[in-house]
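Worksheet for the structure shown next.
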There are 2 protein chains.
Amino acid sequence: MVQTVPRSPSRGGRPRDPQVDAAIVDAVLAELAAVPYSKMRMDDVAQRAGVAKTTLYRRYPSKVALVRATLEQYLTRFTFLDSSDVEAVLSDITRQQVDEFATGAPGAALSNVCAEANHNPELAAVVRHAFRAKRKELARVLRRGIADGQLRADLDIELMLDLLLAVFPYRLLVSGEPVPRDLAARLPRALLDGARP
Amino acid sequence: MVQTVPRSPSRGGRPRDPQVDAAIVDAVLAELAAVPYSKMRMDDVAQRAGVAKTTLYRRYPSKVALVRATLEQYLTRFTFLDSSDVEAVLSDITRQQVDEFATGAPGAALSNVCAEANHNPELAAVVRHAFRAKRKELARVLRRGIADGQLRADLDIELMLDLLLAVFPYRLLVSGEPVPRDLAARLPRALLDGARP
DNA sequence: CAGTTTCGCTACTCATCAGTTGCGTTACTC
DNA sequence: GAGTAACGCAACTGATGAGTAGCGAAACTG
């Protein structure tokens, strides 16, 4: 867990402006949506946040620390639907992915970070930790589905997880094709066709 | 189609060494397997190829031109199995992908280029052209499978293509997990489970 | 042979950008 | 008020790396 540079413990002095914190995070996400990590410039982040570059370095020791902290904050937003209906849970997951990846800056930023993470261990750790957590949760859903007879007993769970999570990044990062919104419904339907007992 | 810098048309003079051409291509693939595009240095390519940097610039006007030309050459290697058995064709495709992505420098280079292509239109064009060609060919296989009754008539072909091609890049670029070799068999099997009439 | 082009080598130019420094100002605490 | 830390601003350092220039030598053509 990357921390911002902490204030020195002694009290007193002008307090940090929390609006500045928020503005910086937003600016990083916006910049990363537009350019890859390697081309994201600290000057641009500062300017977009309406902040001096020195202010960035008062909070984060380096560019990578800034991005890491921003990502960690961003990646905690995913949630899981609490339902015993496997198809409902999976549809909800894919719908969230469509919302993230198909539209808006954060999804584009995430795909850019994935691209960079390929050879930036610091960022890879953050991204992979988040995706692993998601996989773990999803695996539990599938095992429960097997236990109560919604899914085949010999289901290839690991592969199923890949298929659920792979399509959206693939379209953004590799094929470059747009992500149609109805994919949120088509994906779990197609996968479950082969997964029922 | 990026060309090497052509020799001036007048004949005479020392001919280009074709071994140098090959060494350069190999060196680019090897470098790109180790570092992302943005960190690939022309000096390193030259050194690995056992060639002077000026020699690179005699053939390619810029870094991006060098990488593009190398990729175009590399991406023409994929082939399709000529068989009427859909599962056989799909298994062959996934096997080729495993060979490419799970092992060896070229696959790692490709994933690195995919990462860079995310915001480098010049490279994106090359990669996407190659993947689009592959999709087209695969779509034909699936339609044939529907026509002769191997596959369901209401199969979601587009989604099927995504699922066939997405898993390997996903593992490399996003989840960072290794690509087990038996995925080549598990993937088409799982997909066909839900695709038969 | 003369002419031409490739090639290795060394050294250079030049732009970019992360991170720093110093200073004046502002907003708090005691 | 005095002390302290957050801010903006502007100028700077220092490293990195794409692309270039000039040289001497090697390899071909006529």
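Chain labels run A, B, ... following the order of the structure tokens; each chain numbers its residues from 1, and ligands are numbered from 1 in the order shown.
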For chain B against chain C, with a cut-off of 6 Å and counting only C-alpha atoms (C1' of nucleotides), what is the closest atom pair and its distance in Å to one decimal for every residue that makes the cut, ordered by chain and number, as JSON lines?
{"residue": "B:Gly12", "atom": "CA", "partner": "C:DT4", "partner_atom": "C1'", "distance": 5.8}
{"residue": "B:Gly13", "atom": "CA", "partner": "C:DT5", "partner_atom": "C1'", "distance": 4.1}
{"residue": "B:Arg14", "atom": "CA", "partner": "C:DT5", "partner_atom": "C1'", "distance": 5.0}
{"residue": "B:Ala52", "atom": "CA", "partner": "C:DG8", "partner_atom": "C1'", "distance": 5.8}
Include C-alpha atoms and write out the residues we just selected as a PDB file, in the first residue's frame.
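New file out05.pdb:
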ATOM      1  CA  GLY B  12      27.224  -0.208 -58.027  1.00  0.00           C
ATOM      2  CA  GLY B  13      28.717   0.090 -54.608  1.00  0.00           C
ATOM      3  CA  ARG B  14      28.871  -2.412 -51.793  1.00  0.00           C
ATOM      4  CA  ALA B  52      26.334  -0.005 -35.814  1.00  0.00           C
TER       5      ALA B  52
END
Return as JSON lines the residues of chain A lying at most 6 Å from chain B, together with the closest atom-to-atom pair for each and the distance in Å to one decimal, counting only C-alpha atoms, with rows in chain order and ascending residue number.
{"residue": "A:Cys114", "atom": "CA", "partner": "B:Val174", "partner_atom": "CA", "distance": 5.7}
{"residue": "A:Ala115", "atom": "CA", "partner": "B:Ala115", "partner_atom": "CA", "distance": 4.1}
{"residue": "A:Asn118", "atom": "CA", "partner": "B:Leu173", "partner_atom": "CA", "distance": 5.7}
{"residue": "A:Arg128", "atom": "CA", "partner": "B:Ser175", "partner_atom": "CA", "distance": 5.5}
{"residue": "A:Ala166", "atom": "CA", "partner": "B:Tyr170", "partner_atom": "CA", "distance": 5.2}
{"residue": "A:Val167", "atom": "CA", "partner": "B:Ala166", "partner_atom": "CA", "distance": 5.5}
{"residue": "A:Tyr170", "atom": "CA", "partner": "B:Ala166", "partner_atom": "CA", "distance": 5.2}
{"residue": "A:Leu173", "atom": "CA", "partner": "B:Asn118", "partner_atom": "CA", "distance": 5.7}
{"residue": "A:Val174", "atom": "CA", "partner": "B:Cys114", "partner_atom": "CA", "distance": 5.7}
{"residue": "A:Ser175", "atom": "CA", "partner": "B:Arg128", "partner_atom": "CA", "distance": 5.5}
{"residue": "A:Asp193", "atom": "CA", "partner": "B:Gly194", "partner_atom": "CA", "distance": 4.8}
{"residue": "A:Gly194", "atom": "CA", "partner": "B:Gly194", "partner_atom": "CA", "distance": 3.5}
Mind listing as a PyMOL selection string which residues of chain D are within 7 Å of chain B, counting only C-alpha atoms (C1' of nucleotides)?
chain D and resi 27-29
Go ahead and save the residues from that selection, with C-alpha atoms (C1' of nucleotides), as a tab-separated table (two decimals), in the first residue's frame.
chain	number	residue	atom	x	y	z
D	27	DA	C1'	32.90	-4.68	-50.99
D	28	DC	C1'	30.94	-4.43	-54.98
D	29	DT	C1'	30.46	-2.54	-60.59
Rank B:Asp85, B:Arg58, B:Ala27, B:Arg143 by their smallest atom-to-atom distance to D:DG19, using only C-alpha atoms (C1' of nucleotides), and report the top residue only.
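Looking only at the distances to D:DG19, the closest residue turns out to be B:Arg58.
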Which distance in Å separates atom CA of B:Gly107 and atom CA of B:Asp92, to one decimal?
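Atom CA of B:Asp92 lies at a distance of 16.7 Å from atom CA of B:Gly107.
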I'd like the interatomic distance between atom CA of A:Thr70 and atom CA of B:Leu123, to a tenth of an Å.
28.1 Å
Just list as a count of residues only whatever in chain A DSSP marks as alpha helix (DSSP H).
128
State, in Å with one decimal place, the distance from atom CA of B:Val28 to atom CA of B:Val45.
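Interatomic distance, atom CA of B:Val28 to atom CA of B:Val45: 5.9 Å.
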Shell around B:Glu137 at 12 Å using only C-alpha atoms (C1' of nucleotides), local window under 3 positions removed, as a count of residues only:
19
